[in-house]
>>> print(open('input-v5.tsv').read())   # TSV, N, CA and C atoms
chain	number	residue	atom	x	y	z
A	1	MET	N	-10.75	-4.87	23.51
A	1	MET	CA	-9.31	-4.99	23.57
A	1	MET	C	-8.76	-3.72	24.22
A	2	THR	N	-7.77	-3.89	25.07
A	2	THR	CA	-7.15	-2.73	25.70
A	2	THR	C	-6.13	-2.10	24.75
A	3	MET	N	-5.79	-0.84	25.01
A	3	MET	CA	-4.80	-0.15	24.20
A	3	MET	C	-3.45	-0.87	24.31
A	4	ARG	N	-3.09	-1.31	25.52
A	4	ARG	CA	-1.81	-2.00	25.72
A	4	ARG	C	-1.74	-3.27	24.88
A	5	THR	N	-2.83	-4.06	24.89
A	5	THR	CA	-2.88	-5.29	24.09
A	5	THR	C	-2.74	-4.97	22.61
A	6	PHE	N	-3.43	-3.93	22.16
A	6	PHE	CA	-3.34	-3.53	20.76
A	6	PHE	C	-1.92	-3.14	20.39
A	7	LEU	N	-1.28	-2.34	21.24
A	7	LEU	CA	0.09	-1.88	20.96
A	7	LEU	C	1.04	-3.06	20.80
A	8	ILE	N	0.89	-4.04	21.66
A	8	ILE	CA	1.74	-5.23	21.58
A	8	ILE	C	1.47	-6.00	20.30
A	9	SER	N	0.19	-6.24	20.01
A	9	SER	CA	-0.15	-7.03	18.81
A	9	SER	C	0.23	-6.32	17.52
A	10	ALA	N	0.13	-4.99	17.51
A	10	ALA	CA	0.47	-4.23	16.30
A	10	ALA	C	1.95	-3.85	16.25
A	11	GLY	N	2.67	-4.07	17.33
A	11	GLY	CA	4.10	-3.76	17.36
A	11	GLY	C	4.40	-2.27	17.28
A	12	VAL	N	3.53	-1.45	17.87
A	12	VAL	CA	3.71	0.00	17.81
A	12	VAL	C	4.60	0.45	18.97
A	13	ARG	N	5.57	1.26	18.64
A	13	ARG	CA	6.46	1.87	19.64
A	13	ARG	C	6.63	3.34	19.29
A	14	MET	N	7.20	4.12	20.22
A	14	MET	CA	7.26	5.56	20.00
A	14	MET	C	8.44	6.17	20.73
A	15	THR	N	8.98	7.23	20.12
A	15	THR	CA	9.92	8.11	20.82
A	15	THR	C	9.28	9.49	20.85
A	16	ALA	N	9.57	10.23	21.92
A	16	ALA	CA	9.01	11.58	22.06
A	16	ALA	C	10.14	12.52	22.47
A	17	ASP	N	10.32	13.57	21.70
A	17	ASP	CA	11.33	14.59	22.00
A	17	ASP	C	10.64	15.91	22.25
A	18	TRP	N	11.15	16.66	23.21
A	18	TRP	CA	10.62	17.98	23.55
A	18	TRP	C	10.62	18.86	22.30
A	19	ALA	N	9.57	19.66	22.14
A	19	ALA	CA	9.48	20.61	21.02
A	19	ALA	C	9.12	21.98	21.58
A	20	ASP	N	9.52	23.02	20.89
A	20	ASP	CA	9.22	24.39	21.32
A	20	ASP	C	7.74	24.73	21.18
A	21	GLY	N	7.04	24.04	20.30
A	21	GLY	CA	5.63	24.33	20.07
A	21	GLY	C	5.02	23.26	19.20
A	22	ASN	N	3.75	23.43	18.91
A	22	ASN	CA	3.03	22.51	18.05
A	22	ASN	C	2.48	23.33	16.88
A	23	PRO	N	3.01	23.12	15.67
A	23	PRO	CA	2.57	23.93	14.54
A	23	PRO	C	1.09	23.75	14.21
A	24	ASN	N	0.48	22.66	14.68
A	24	ASN	CA	-0.94	22.42	14.41
A	24	ASN	C	-1.84	23.04	15.47
A	25	MET	N	-1.26	23.49	16.59
A	25	MET	CA	-2.05	24.05	17.69
A	25	MET	C	-1.33	25.25	18.30
A	26	PRO	N	-1.15	26.32	17.55
A	26	PRO	CA	-0.39	27.46	18.07
A	26	PRO	C	-1.07	28.19	19.22
A	27	GLU	N	-2.36	27.94	19.44
A	27	GLU	CA	-3.10	28.67	20.48
A	27	GLU	C	-3.14	27.95	21.82
A	28	MET	N	-2.25	27.00	22.07
A	28	MET	CA	-2.22	26.28	23.35
A	28	MET	C	-1.95	27.24	24.51
A	29	MET	N	-2.44	26.89	25.67
A	29	MET	CA	-2.26	27.70	26.88
A	29	MET	C	-0.77	27.86	27.20
A	30	PRO	N	-0.38	28.99	27.76
A	30	PRO	CA	1.00	29.14	28.23
A	30	PRO	C	1.31	28.05	29.25
A	31	GLY	N	2.50	27.53	29.21
A	31	GLY	CA	2.91	26.48	30.13
A	31	GLY	C	2.62	25.08	29.62
A	32	SER	N	2.00	24.97	28.44
A	32	SER	CA	1.74	23.65	27.86
A	32	SER	C	3.05	23.00	27.43
A	33	SER	N	3.04	21.68	27.35
A	33	SER	CA	4.21	20.92	26.92
A	33	SER	C	3.96	20.39	25.51
A	34	HIS	N	4.99	20.45	24.70
A	34	HIS	CA	4.88	20.02	23.30
A	34	HIS	C	5.97	18.99	23.01
A	35	TYR	N	5.61	18.00	22.21
A	35	TYR	CA	6.54	16.93	21.87
A	35	TYR	C	6.44	16.61	20.38
A	36	LYS	N	7.56	16.25	19.82
A	36	LYS	CA	7.60	15.70	18.46
A	36	LYS	C	7.72	14.19	18.66
A	37	CYS	N	6.68	13.47	18.26
A	37	CYS	CA	6.60	12.03	18.50
A	37	CYS	C	6.75	11.27	17.19
A	38	VAL	N	7.52	10.21	17.24
A	38	VAL	CA	7.69	9.34	16.09
A	38	VAL	C	7.16	7.96	16.49
A	39	LEU	N	6.07	7.55	15.86
A	39	LEU	CA	5.51	6.22	16.07
A	39	LEU	C	6.05	5.31	14.99
A	40	ARG	N	6.36	4.07	15.39
A	40	ARG	CA	6.89	3.09	14.45
A	40	ARG	C	6.13	1.77	14.59
A	41	ALA	N	5.90	1.12	13.47
A	41	ALA	CA	5.33	-0.22	13.43
A	41	ALA	C	5.97	-0.91	12.24
A	42	GLY	N	6.73	-1.94	12.50
A	42	GLY	CA	7.48	-2.58	11.41
A	42	GLY	C	8.44	-1.58	10.80
A	43	ARG	N	8.39	-1.42	9.49
A	43	ARG	CA	9.27	-0.47	8.80
A	43	ARG	C	8.61	0.89	8.56
A	44	SER	N	7.36	1.02	8.99
A	44	SER	CA	6.63	2.27	8.79
A	44	SER	C	6.78	3.20	9.98
A	45	SER	N	6.68	4.49	9.72
A	45	SER	CA	6.73	5.46	10.82
A	45	SER	C	5.77	6.61	10.53
A	46	LEU	N	5.40	7.31	11.60
A	46	LEU	CA	4.52	8.47	11.52
A	46	LEU	C	5.03	9.48	12.53
A	47	THR	N	5.30	10.69	12.08
A	47	THR	CA	5.75	11.76	12.96
A	47	THR	C	4.60	12.74	13.17
A	48	VAL	N	4.31	13.02	14.45
A	48	VAL	CA	3.25	13.95	14.80
A	48	VAL	C	3.72	14.82	15.97
A	49	TYR	N	3.12	15.99	16.09
A	49	TYR	CA	3.32	16.81	17.28
A	49	TYR	C	2.18	16.52	18.24
A	50	PHE	N	2.51	16.49	19.52
A	50	PHE	CA	1.53	16.18	20.56
A	50	PHE	C	1.71	17.19	21.68
A	51	SER	N	0.62	17.79	22.12
A	51	SER	CA	0.68	18.80	23.17
A	51	SER	C	-0.19	18.41	24.35
A	52	GLN	N	0.25	18.85	25.53
A	52	GLN	CA	-0.50	18.61	26.77
A	52	GLN	C	-0.60	19.93	27.52
A	53	GLY	N	-1.73	20.15	28.16
A	53	GLY	CA	-1.92	21.36	28.95
A	53	GLY	C	-0.95	21.44	30.11
A	54	PRO	N	-0.86	22.61	30.74
A	54	PRO	CA	0.13	22.84	31.79
A	54	PRO	C	-0.04	21.97	33.03
A	55	ALA	N	-1.19	21.37	33.25
A	55	ALA	CA	-1.39	20.53	34.44
A	55	ALA	C	-0.72	19.17	34.31
A	56	ILE	N	-0.44	18.74	33.09
A	56	ILE	CA	0.18	17.42	32.88
A	56	ILE	C	1.68	17.63	32.74
A	57	ARG	N	2.42	17.06	33.66
A	57	ARG	CA	3.86	17.32	33.73
A	57	ARG	C	4.71	16.10	33.41
A	58	ARG	N	4.15	15.12	32.73
A	58	ARG	CA	4.92	13.93	32.35
A	58	ARG	C	5.00	13.81	30.84
A	59	GLU	N	6.02	13.15	30.38
A	59	GLU	CA	6.16	12.90	28.95
A	59	GLU	C	5.03	11.96	28.51
A	60	PRO	N	4.46	12.20	27.33
A	60	PRO	CA	3.36	11.32	26.88
A	60	PRO	C	3.87	9.93	26.56
A	61	GLY	N	3.03	8.96	26.81
A	61	GLY	CA	3.32	7.59	26.42
A	61	GLY	C	2.70	7.29	25.07
A	62	VAL	N	3.11	6.19	24.49
A	62	VAL	CA	2.58	5.79	23.19
A	62	VAL	C	1.06	5.60	23.27
A	63	GLU	N	0.55	5.14	24.43
A	63	GLU	CA	-0.89	4.98	24.59
A	63	GLU	C	-1.62	6.32	24.46
A	64	ASP	N	-1.05	7.36	25.09
A	64	ASP	CA	-1.67	8.69	25.05
A	64	ASP	C	-1.76	9.22	23.62
A	65	VAL	N	-0.65	9.13	22.91
A	65	VAL	CA	-0.59	9.68	21.55
A	65	VAL	C	-1.48	8.87	20.60
A	66	LEU	N	-1.42	7.55	20.70
A	66	LEU	CA	-2.23	6.73	19.80
A	66	LEU	C	-3.72	6.89	20.09
A	67	ASP	N	-4.08	7.03	21.35
A	67	ASP	CA	-5.49	7.24	21.70
A	67	ASP	C	-5.99	8.56	21.12
A	68	CYS	N	-5.19	9.59	21.21
A	68	CYS	CA	-5.56	10.91	20.66
A	68	CYS	C	-5.69	10.83	19.14
A	69	LEU	N	-4.73	10.18	18.49
A	69	LEU	CA	-4.81	10.02	17.03
A	69	LEU	C	-6.04	9.23	16.62
A	70	ALA	N	-6.37	8.18	17.38
A	70	ALA	CA	-7.54	7.36	17.08
A	70	ALA	C	-8.82	8.18	17.24
A	71	SER	N	-8.88	8.99	18.26
A	71	SER	CA	-10.05	9.85	18.48
A	71	SER	C	-10.22	10.83	17.33
A	72	ASP	N	-9.12	11.49	16.94
A	72	ASP	CA	-9.17	12.42	15.82
A	72	ASP	C	-9.56	11.71	14.52
A	73	ALA	N	-8.99	10.52	14.30
A	73	ALA	CA	-9.28	9.77	13.08
A	73	ALA	C	-10.75	9.35	13.03
A	74	SER	N	-11.31	8.96	14.16
A	74	SER	CA	-12.73	8.60	14.20
A	74	SER	C	-13.60	9.79	13.81
A	75	GLY	N	-13.28	10.95	14.36
A	75	GLY	CA	-14.02	12.16	14.03
A	75	GLY	C	-13.91	12.50	12.55
A	76	TYR	N	-12.71	12.36	12.02
A	76	TYR	CA	-12.49	12.64	10.60
A	76	TYR	C	-13.27	11.66	9.73
A	77	ASP	N	-13.15	10.37	10.02
A	77	ASP	CA	-13.85	9.35	9.24
A	77	ASP	C	-15.36	9.53	9.30
A	78	ASN	N	-15.88	9.82	10.48
A	78	ASN	CA	-17.33	9.95	10.66
A	78	ASN	C	-17.89	11.20	9.99
A	79	ALA	N	-17.09	12.26	9.94
A	79	ALA	CA	-17.59	13.52	9.37
A	79	ALA	C	-17.82	13.42	7.87
A	80	GLY	N	-16.87	12.88	7.16
A	80	GLY	CA	-17.03	12.73	5.71
A	80	GLY	C	-16.72	13.96	4.88
A	81	SER	N	-16.69	15.13	5.52
A	81	SER	CA	-16.35	16.36	4.79
A	81	SER	C	-15.86	17.40	5.79
A	82	PHE	N	-15.18	18.42	5.27
A	82	PHE	CA	-14.71	19.50	6.13
A	82	PHE	C	-15.88	20.22	6.79
A	83	GLU	N	-16.92	20.50	6.03
A	83	GLU	CA	-18.06	21.23	6.56
A	83	GLU	C	-18.72	20.47	7.72
A	84	ALA	N	-18.90	19.17	7.55
A	84	ALA	CA	-19.50	18.36	8.61
A	84	ALA	C	-18.58	18.29	9.83
A	85	TRP	N	-17.28	18.16	9.60
A	85	TRP	CA	-16.30	18.13	10.69
A	85	TRP	C	-16.32	19.44	11.45
A	86	ALA	N	-16.31	20.55	10.73
A	86	ALA	CA	-16.32	21.87	11.37
A	86	ALA	C	-17.57	22.04	12.22
A	87	GLU	N	-18.70	21.64	11.71
A	87	GLU	CA	-19.95	21.75	12.47
A	87	GLU	C	-19.89	20.89	13.73
A	88	GLU	N	-19.40	19.67	13.59
A	88	GLU	CA	-19.32	18.75	14.73
A	88	GLU	C	-18.44	19.29	15.86
A	89	TYR	N	-17.35	19.95	15.50
A	89	TYR	CA	-16.39	20.42	16.50
A	89	TYR	C	-16.50	21.91	16.81
A	90	GLY	N	-17.55	22.56	16.28
A	90	GLY	CA	-17.82	23.95	16.63
A	90	GLY	C	-16.95	24.97	15.93
A	91	TYR	N	-16.40	24.62	14.78
A	91	TYR	CA	-15.60	25.56	13.99
A	91	TYR	C	-16.45	26.21	12.91
A	92	ASN	N	-16.05	27.38	12.49
A	92	ASN	CA	-16.68	28.07	11.38
A	92	ASN	C	-16.14	27.47	10.09
A	93	ALA	N	-17.01	26.97	9.24
A	93	ALA	CA	-16.59	26.34	7.99
A	93	ALA	C	-15.95	27.33	7.02
A	94	ASP	N	-16.07	28.63	7.27
A	94	ASP	CA	-15.44	29.65	6.44
A	94	ASP	C	-14.06	30.06	6.96
A	95	SER	N	-13.61	29.44	8.04
A	95	SER	CA	-12.35	29.81	8.68
A	95	SER	C	-11.16	29.06	8.08
A	96	ARG	N	-10.15	29.82	7.68
A	96	ARG	CA	-8.93	29.19	7.18
A	96	ARG	C	-8.21	28.44	8.30
A	97	LYS	N	-8.28	28.97	9.53
A	97	LYS	CA	-7.68	28.29	10.68
A	97	LYS	C	-8.32	26.92	10.90
A	98	ALA	N	-9.64	26.87	10.81
A	98	ALA	CA	-10.35	25.61	10.98
A	98	ALA	C	-9.97	24.63	9.88
A	99	GLU	N	-9.88	25.12	8.65
A	99	GLU	CA	-9.51	24.24	7.56
A	99	GLU	C	-8.09	23.72	7.72
A	100	SER	N	-7.19	24.54	8.25
A	100	SER	CA	-5.82	24.11	8.50
A	100	SER	C	-5.79	22.99	9.53
A	101	LYS	N	-6.59	23.12	10.58
A	101	LYS	CA	-6.68	22.05	11.60
A	101	LYS	C	-7.24	20.78	10.98
A	102	TYR	N	-8.27	20.92	10.18
A	102	TYR	CA	-8.87	19.77	9.51
A	102	TYR	C	-7.84	19.06	8.63
A	103	ARG	N	-7.07	19.83	7.88
A	103	ARG	CA	-6.05	19.23	7.00
A	103	ARG	C	-4.99	18.49	7.81
A	104	ALA	N	-4.63	19.02	8.99
A	104	ALA	CA	-3.67	18.33	9.86
A	104	ALA	C	-4.26	16.99	10.34
A	105	VAL	N	-5.52	17.01	10.74
A	105	VAL	CA	-6.19	15.78	11.16
A	105	VAL	C	-6.26	14.79	9.99
A	106	GLU	N	-6.54	15.30	8.82
A	106	GLU	CA	-6.60	14.46	7.61
A	106	GLU	C	-5.24	13.79	7.35
A	107	ARG	N	-4.16	14.58	7.42
A	107	ARG	CA	-2.81	14.02	7.22
A	107	ARG	C	-2.49	12.95	8.27
A	108	HIS	N	-2.81	13.25	9.52
A	108	HIS	CA	-2.53	12.31	10.60
A	108	HIS	C	-3.36	11.04	10.46
A	109	THR	N	-4.62	11.19	10.02
A	109	THR	CA	-5.48	10.02	9.84
A	109	THR	C	-4.93	9.11	8.76
A	110	HIS	N	-4.56	9.68	7.62
A	110	HIS	CA	-4.00	8.86	6.54
A	110	HIS	C	-2.65	8.27	6.96
A	111	GLY	N	-1.86	9.04	7.69
A	111	GLY	CA	-0.59	8.54	8.19
A	111	GLY	C	-0.77	7.39	9.16
A	112	LEU	N	-1.78	7.48	10.02
A	112	LEU	CA	-2.06	6.41	10.99
A	112	LEU	C	-2.48	5.14	10.28
A	113	GLU	N	-3.33	5.28	9.28
A	113	GLU	CA	-3.76	4.10	8.52
A	113	GLU	C	-2.57	3.48	7.78
A	114	ASN	N	-1.70	4.30	7.22
A	114	ASN	CA	-0.50	3.78	6.54
A	114	ASN	C	0.43	3.09	7.54
A	115	LEU	N	0.57	3.66	8.72
A	115	LEU	CA	1.43	3.08	9.74
A	115	LEU	C	0.95	1.70	10.16
A	116	LEU	N	-0.35	1.58	10.40
A	116	LEU	CA	-0.90	0.35	10.96
A	116	LEU	C	-1.35	-0.67	9.92
A	117	GLY	N	-1.70	-0.20	8.74
A	117	GLY	CA	-2.37	-1.06	7.77
A	117	GLY	C	-3.87	-0.98	8.02
A	118	ARG	N	-4.66	-1.23	6.99
A	118	ARG	CA	-6.11	-1.03	7.06
A	118	ARG	C	-6.77	-1.86	8.17
A	119	SER	N	-6.40	-3.11	8.29
A	119	SER	CA	-7.05	-3.99	9.27
A	119	SER	C	-6.79	-3.53	10.71
A	120	ALA	N	-5.52	-3.27	11.05
A	120	ALA	CA	-5.19	-2.82	12.40
A	120	ALA	C	-5.77	-1.43	12.67
A	121	TYR	N	-5.80	-0.59	11.66
A	121	TYR	CA	-6.40	0.75	11.80
A	121	TYR	C	-7.88	0.62	12.18
A	122	ARG	N	-8.62	-0.24	11.49
A	122	ARG	CA	-10.04	-0.44	11.80
A	122	ARG	C	-10.19	-1.05	13.19
A	123	THR	N	-9.32	-1.97	13.56
A	123	THR	CA	-9.37	-2.54	14.91
A	123	THR	C	-9.18	-1.46	15.95
A	124	LEU	N	-8.20	-0.59	15.75
A	124	LEU	CA	-7.95	0.51	16.69
A	124	LEU	C	-9.18	1.39	16.84
A	125	LEU	N	-9.77	1.78	15.74
A	125	LEU	CA	-10.92	2.70	15.80
A	125	LEU	C	-12.20	2.01	16.29
A	126	ASP	N	-12.39	0.74	15.96
A	126	ASP	CA	-13.67	0.09	16.21
A	126	ASP	C	-13.73	-0.76	17.48
A	127	THR	N	-12.58	-1.29	17.93
A	127	THR	CA	-12.67	-2.24	19.05
A	127	THR	C	-11.77	-1.94	20.24
A	128	VAL	N	-10.78	-1.09	20.08
A	128	VAL	CA	-9.88	-0.80	21.20
A	128	VAL	C	-10.55	0.17	22.16
A	129	GLU	N	-10.47	-0.15	23.46
A	129	GLU	CA	-11.06	0.70	24.49
A	129	GLU	C	-10.32	2.03	24.53
A	130	ARG	N	-11.06	3.12	24.55
A	130	ARG	CA	-10.47	4.46	24.67
A	130	ARG	C	-9.95	4.65	26.09
A	131	LEU	N	-8.90	5.42	26.21
A	131	LEU	CA	-8.34	5.70	27.54
A	131	LEU	C	-9.25	6.60	28.36
>>> encode(input="input-v5.tsv", output="structure tokens")
Amino acid sequence: MTMRTFLISAGVRMTADWADGNPNMPEMMPGSSHYKCVLRAGRSSLTVYFSQGPAIRREPGVEDVLDCLASDASGYDNAGSFEAWAEEYGYNADSRKAESKYRAVERHTHGLENLLGRSAYRTLLDTVERL
């Protein structure tokens, strides 16, 4: 299934507003673009910050943000623990910064599942083509 088909079937839409920074990624390169994105499906919503490096000069689309969230959620689900996640992504498991990033991914993963519902969440992670 394509991301576009999934978005239509799940009724996901998004607004993106410019943000001064991303509290989950303070170490982004100078010139990066940051957005506060609100995804909606039915009566549910999820607010996340989304950043793009300086080479990308367009506002993110819902496909971009949802694909990134799905990728992060897959990594979180597959890891099973902070220590395993840190090892997989090259972070020091003793780092408070790494744990803070992990907790942000954890919040976004649970928020994504709440936004979509369990069935659509599994469809997104298991069958939707990555961008």
>>> residues_around(input="input-v5.tsv", residues="range 76-86 of chain A", least_positions_apart="5", cutoff="8 Å", atoms="all atoms listed in the file", output="list in words")
Ala70, Ser71, Tyr91, Asn92, Ala93, Asp94, Ala98, Glu99, Tyr102, Arg103, Val105, Glu106 and Thr109 of chain A
>>> atom_distance(input="input-v5.tsv", atom1="atom C of Arg40 in chain A", atom2="CA of Glu59 in chain A")
18.2 Å
>>> residues_near_point(input="input-v5.tsv", point="(6.9, 22.1, 20.8)", cutoff="6 Å", atoms="all atoms listed in the file", output="PyMOL selection string")
chain A and resi 18-22+33-36
>>> select_by_dssp(input="input-v5.tsv", residues="range 21-81 of chain A", states="helix (DSSP H, G or I)", output="PyMOL selection string")
chain A and resi 62-79
>>> residues_near_point(input="input-v5.tsv", point="(1.7, 21.8, 12.5)", cutoff="7 Å", atoms="all atoms listed in the file", output="list in words")
Asn22, Pro23, Asn24, Met25, Tyr49 and Ala104 of chain A
>>> write_last_selection(input="input-v5.tsv", atoms="N, CA and C atoms", output="CSV table (one decimal), in the coordinates of the input")
chain,number,residue,atom,x,y,z
A,22,ASN,N,3.8,23.4,18.9
A,22,ASN,CA,3.0,22.5,18.0
A,22,ASN,C,2.5,23.3,16.9
A,23,PRO,N,3.0,23.1,15.7
A,23,PRO,CA,2.6,23.9,14.5
A,23,PRO,C,1.1,23.8,14.2
A,24,ASN,N,0.5,22.7,14.7
A,24,ASN,CA,-0.9,22.4,14.4
A,24,ASN,C,-1.8,23.0,15.5
A,25,MET,N,-1.3,23.5,16.6
A,25,MET,CA,-2.0,24.0,17.7
A,25,MET,C,-1.3,25.2,18.3
A,49,TYR,N,3.1,16.0,16.1
A,49,TYR,CA,3.3,16.8,17.3
A,49,TYR,C,2.2,16.5,18.2
A,104,ALA,N,-4.6,19.0,9.0
A,104,ALA,CA,-3.7,18.3,9.9
A,104,ALA,C,-4.3,17.0,10.3
>>> closest_residue(input="input-v5.tsv", among="A:His108, A:Arg4, A:Arg130, A:Arg57", to="Asp72 in chain A", atoms="all atoms listed in the file")
A:His108
>>> closest_residue(input="input-v5.tsv", among="A:Ser51, A:Asp64, A:Leu115, A:Arg58", to="Leu39 in chain A", atoms="all atoms listed in the file")
A:Leu115
>>> closest_residue(input="input-v5.tsv", among="A:Phe50, A:Glu63, A:Ser74, A:Glu88", to="Met3 in chain A", atoms="only N, CA and C atoms")
A:Glu63
>>> atom_distance(input="input-v5.tsv", atom1="CA of Ser95 in chain A", atom2="CA of Gly31 in chain A")
26.5 Å
>>> atom_distance(input="input-v5.tsv", atom1="CA of Pro60 in chain A", atom2="CA of Lys97 in chain A")
25.9 Å
>>> closest_residue(input="input-v5.tsv", among="A:Asp17, A:Ala73, A:Thr123, A:Ile56", to="His110 in chain A", atoms="only N, CA and C atoms")
A:Ala73
>>> residues_around(input="input-v5.tsv", residues="Met14 in chain A", least_positions_apart="2", cutoff="7 Å", atoms="all atoms listed in the file", output="list in words")
Val12, Ala16, Cys37, Val38, Leu39, Arg40 and Val62 of chain A
